[in-house]
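Notes follow the structure.
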Amino acid sequence: MGIISWILLGLIAGALAKAIHPGPDPGGWIITIIVGIIGAIIGGWIGSFFGLGTVNEFSIRTLIIATGGAILILWLYSVLKKR
């Protein structure tokens, strides 16, 4: 995937993750894109261990994997912020 595709996937995955995971999360569009891209990387890495595939193309499956990774990042942020 090209960099534009990663940014677009990150934006969508980050926005979906913020909508699914309520609470005080890091804000702004730039942070949303960064959380989505990191979520895509982590989701693809975790998905490769469980046979779900990796995030190497733009599809519904990769969007779900990236959103799951972004939700995981937001959840970890909220857990670490409480401490």
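Just remember, in the structure tokens the first chain shown is A, the second B, etc., residues are 1-based per chain, and ligands are 1-based in the order shown.
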*Gly43 of chain A surroundings by only C-alpha atoms, 8 Å radius, close-in-sequence under 2 positions cut, as JSON, numbers by chain*: {"A": [39, 40, 41, 45, 46, 47, 54, 55, 65, 66, 67, 68, 69, 70]}
Dump N, CA and C atoms for the selected residues as a PDB file, in the first residue's frame?
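The result, stored in result_25.pdb:
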ATOM      1  N   GLY A  39      -2.499   1.591  14.879  1.00  0.00           N
ATOM      2  CA  GLY A  39      -3.450   0.495  15.057  1.00  0.00           C
ATOM      3  C   GLY A  39      -3.427  -0.479  13.895  1.00  0.00           C
ATOM      4  N   ALA A  40      -3.274   0.036  12.686  1.00  0.00           N
ATOM      5  CA  ALA A  40      -3.185  -0.839  11.514  1.00  0.00           C
ATOM      6  C   ALA A  40      -1.936  -1.710  11.580  1.00  0.00           C
ATOM      7  N   ILE A  41      -0.832  -1.115  12.001  1.00  0.00           N
ATOM      8  CA  ILE A  41       0.414  -1.874  12.112  1.00  0.00           C
ATOM      9  C   ILE A  41       0.285  -2.947  13.194  1.00  0.00           C
ATOM     10  N   TRP A  45       0.022  -6.966  12.736  1.00  0.00           N
ATOM     11  CA  TRP A  45       1.010  -7.819  13.397  1.00  0.00           C
ATOM     12  C   TRP A  45       0.317  -8.895  14.228  1.00  0.00           C
ATOM     13  N   ILE A  46      -0.692  -8.507  15.011  1.00  0.00           N
ATOM     14  CA  ILE A  46      -1.443  -9.477  15.814  1.00  0.00           C
ATOM     15  C   ILE A  46      -2.231 -10.418  14.910  1.00  0.00           C
ATOM     16  N   GLY A  47      -2.845  -9.871  13.855  1.00  0.00           N
ATOM     17  CA  GLY A  47      -3.617 -10.696  12.927  1.00  0.00           C
ATOM     18  C   GLY A  47      -2.778 -11.752  12.231  1.00  0.00           C
ATOM     19  N   THR A  54      -2.565  -9.933   7.127  1.00  0.00           N
ATOM     20  CA  THR A  54      -1.902  -8.685   7.474  1.00  0.00           C
ATOM     21  C   THR A  54      -2.608  -7.528   6.780  1.00  0.00           C
ATOM     22  N   VAL A  55      -2.218  -6.337   7.130  1.00  0.00           N
ATOM     23  CA  VAL A  55      -2.791  -5.139   6.517  1.00  0.00           C
ATOM     24  C   VAL A  55      -1.874  -4.742   5.366  1.00  0.00           C
ATOM     25  N   ILE A  65      -9.333  -5.040  10.918  1.00  0.00           N
ATOM     26  CA  ILE A  65      -8.094  -5.336  11.643  1.00  0.00           C
ATOM     27  C   ILE A  65      -7.452  -4.045  12.143  1.00  0.00           C
ATOM     28  N   ALA A  66      -7.398  -3.020  11.294  1.00  0.00           N
ATOM     29  CA  ALA A  66      -6.799  -1.745  11.689  1.00  0.00           C
ATOM     30  C   ALA A  66      -7.608  -1.070  12.785  1.00  0.00           C
ATOM     31  N   THR A  67      -8.931  -1.131  12.684  1.00  0.00           N
ATOM     32  CA  THR A  67      -9.778  -0.533  13.717  1.00  0.00           C
ATOM     33  C   THR A  67      -9.603  -1.263  15.044  1.00  0.00           C
ATOM     34  N   GLY A  68      -9.506  -2.572  15.003  1.00  0.00           N
ATOM     35  CA  GLY A  68      -9.259  -3.341  16.227  1.00  0.00           C
ATOM     36  C   GLY A  68      -7.942  -2.957  16.872  1.00  0.00           C
ATOM     37  N   GLY A  69      -6.913  -2.779  16.062  1.00  0.00           N
ATOM     38  CA  GLY A  69      -5.628  -2.341  16.595  1.00  0.00           C
ATOM     39  C   GLY A  69      -5.699  -0.938  17.177  1.00  0.00           C
ATOM     40  N   ALA A  70      -6.441  -0.052  16.519  1.00  0.00           N
ATOM     41  CA  ALA A  70      -6.588   1.321  17.024  1.00  0.00           C
ATOM     42  C   ALA A  70      -7.375   1.341  18.330  1.00  0.00           C
TER      43      ALA A  70
END
_Which residue of A:Pro22, A:Gly51, A:Gly36, A:Gly44 approaches Leu8 of chain A most closely, using only C-alpha atoms_ = A:Gly36
*Between A:Ile60, A:Phe49, A:Thr32, A:Trp6, which has the minimum distance to Lys18 of chain A (counting only C-alpha atoms)?*
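Under the stated criterion, the closest residue is A:Thr32.
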*Name the residues of chain A that come out as helix (DSSP H, G or I) in a backbone DSSP run; write them as a PyMOL selection string.*
chain A and resi 3-20+29-49+60-82
Could you save the residues just selected, with C-alpha atoms, as a PDB file, in the first residue's frame?
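Printed below is part26.pdb as written:
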ATOM      1  CA  ILE A   3       1.518   6.210   1.884  1.00  0.00           C
ATOM      2  CA  ILE A   4      -1.751   7.867   0.822  1.00  0.00           C
ATOM      3  CA  SER A   5      -3.595   4.565   1.316  1.00  0.00           C
ATOM      4  CA  TRP A   6      -2.039   4.138   4.778  1.00  0.00           C
ATOM      5  CA  ILE A   7      -3.090   7.665   5.758  1.00  0.00           C
ATOM      6  CA  LEU A   8      -6.621   7.116   4.450  1.00  0.00           C
ATOM      7  CA  LEU A   9      -6.888   3.746   6.209  1.00  0.00           C
ATOM      8  CA  GLY A  10      -5.458   5.300   9.386  1.00  0.00           C
ATOM      9  CA  LEU A  11      -7.945   8.153   9.281  1.00  0.00           C
ATOM     10  CA  ILE A  12     -10.917   5.824   8.857  1.00  0.00           C
ATOM     11  CA  ALA A  13      -9.684   3.274  11.410  1.00  0.00           C
ATOM     12  CA  GLY A  14      -8.825   5.974  13.953  1.00  0.00           C
ATOM     13  CA  ALA A  15     -12.209   7.669  13.555  1.00  0.00           C
ATOM     14  CA  LEU A  16     -14.036   4.345  13.916  1.00  0.00           C
ATOM     15  CA  ALA A  17     -11.976   3.450  16.979  1.00  0.00           C
ATOM     16  CA  LYS A  18     -12.741   6.793  18.633  1.00  0.00           C
ATOM     17  CA  ALA A  19     -16.445   6.289  17.901  1.00  0.00           C
ATOM     18  CA  ILE A  20     -16.440   2.741  19.326  1.00  0.00           C
ATOM     19  CA  TRP A  29      -7.295  14.737  13.297  1.00  0.00           C
ATOM     20  CA  ILE A  30      -3.530  14.277  13.258  1.00  0.00           C
ATOM     21  CA  ILE A  31      -3.620  12.168  16.427  1.00  0.00           C
ATOM     22  CA  THR A  32      -6.581  10.220  15.005  1.00  0.00           C
ATOM     23  CA  ILE A  33      -4.589   9.410  11.862  1.00  0.00           C
ATOM     24  CA  ILE A  34      -1.509   8.457  13.883  1.00  0.00           C
ATOM     25  CA  VAL A  35      -3.557   6.216  16.212  1.00  0.00           C
ATOM     26  CA  GLY A  36      -5.184   4.605  13.160  1.00  0.00           C
ATOM     27  CA  ILE A  37      -1.880   3.957  11.392  1.00  0.00           C
ATOM     28  CA  ILE A  38      -0.292   2.540  14.544  1.00  0.00           C
ATOM     29  CA  GLY A  39      -3.450   0.495  15.057  1.00  0.00           C
ATOM     30  CA  ALA A  40      -3.185  -0.839  11.514  1.00  0.00           C
ATOM     31  CA  ILE A  41       0.414  -1.874  12.112  1.00  0.00           C
ATOM     32  CA  ILE A  42      -0.352  -3.509  15.461  1.00  0.00           C
ATOM     33  CA  GLY A  43      -3.588  -5.055  14.183  1.00  0.00           C
ATOM     34  CA  GLY A  44      -1.762  -6.508  11.179  1.00  0.00           C
ATOM     35  CA  TRP A  45       1.010  -7.819  13.397  1.00  0.00           C
ATOM     36  CA  ILE A  46      -1.443  -9.477  15.814  1.00  0.00           C
ATOM     37  CA  GLY A  47      -3.617 -10.696  12.927  1.00  0.00           C
ATOM     38  CA  SER A  48      -0.642 -12.453  11.335  1.00  0.00           C
ATOM     39  CA  PHE A  49      -0.215 -14.557  14.492  1.00  0.00           C
ATOM     40  CA  ILE A  60     -13.154  -4.351   4.709  1.00  0.00           C
ATOM     41  CA  ARG A  61     -11.041  -7.049   6.398  1.00  0.00           C
ATOM     42  CA  THR A  62      -8.025  -4.767   6.718  1.00  0.00           C
ATOM     43  CA  LEU A  63     -10.235  -1.929   7.937  1.00  0.00           C
ATOM     44  CA  ILE A  64     -11.601  -4.181  10.689  1.00  0.00           C
ATOM     45  CA  ILE A  65      -8.094  -5.336  11.643  1.00  0.00           C
ATOM     46  CA  ALA A  66      -6.799  -1.745  11.689  1.00  0.00           C
ATOM     47  CA  THR A  67      -9.778  -0.533  13.717  1.00  0.00           C
ATOM     48  CA  GLY A  68      -9.259  -3.341  16.227  1.00  0.00           C
ATOM     49  CA  GLY A  69      -5.628  -2.341  16.595  1.00  0.00           C
ATOM     50  CA  ALA A  70      -6.588   1.321  17.024  1.00  0.00           C
ATOM     51  CA  ILE A  71      -9.143   0.386  19.706  1.00  0.00           C
ATOM     52  CA  LEU A  72      -6.395  -1.555  21.468  1.00  0.00           C
ATOM     53  CA  ILE A  73      -4.125   1.525  21.342  1.00  0.00           C
ATOM     54  CA  LEU A  74      -6.888   3.759  22.733  1.00  0.00           C
ATOM     55  CA  TRP A  75      -7.666   1.253  25.484  1.00  0.00           C
ATOM     56  CA  LEU A  76      -3.991   1.043  26.479  1.00  0.00           C
ATOM     57  CA  TYR A  77      -3.838   4.860  26.505  1.00  0.00           C
ATOM     58  CA  SER A  78      -6.827   5.061  28.854  1.00  0.00           C
ATOM     59  CA  VAL A  79      -5.358   2.390  31.167  1.00  0.00           C
ATOM     60  CA  LEU A  80      -1.980   4.114  31.330  1.00  0.00           C
ATOM     61  CA  LYS A  81      -3.564   7.538  31.823  1.00  0.00           C
ATOM     62  CA  LYS A  82      -5.419   6.312  34.944  1.00  0.00           C
TER      63      LYS A  82
END
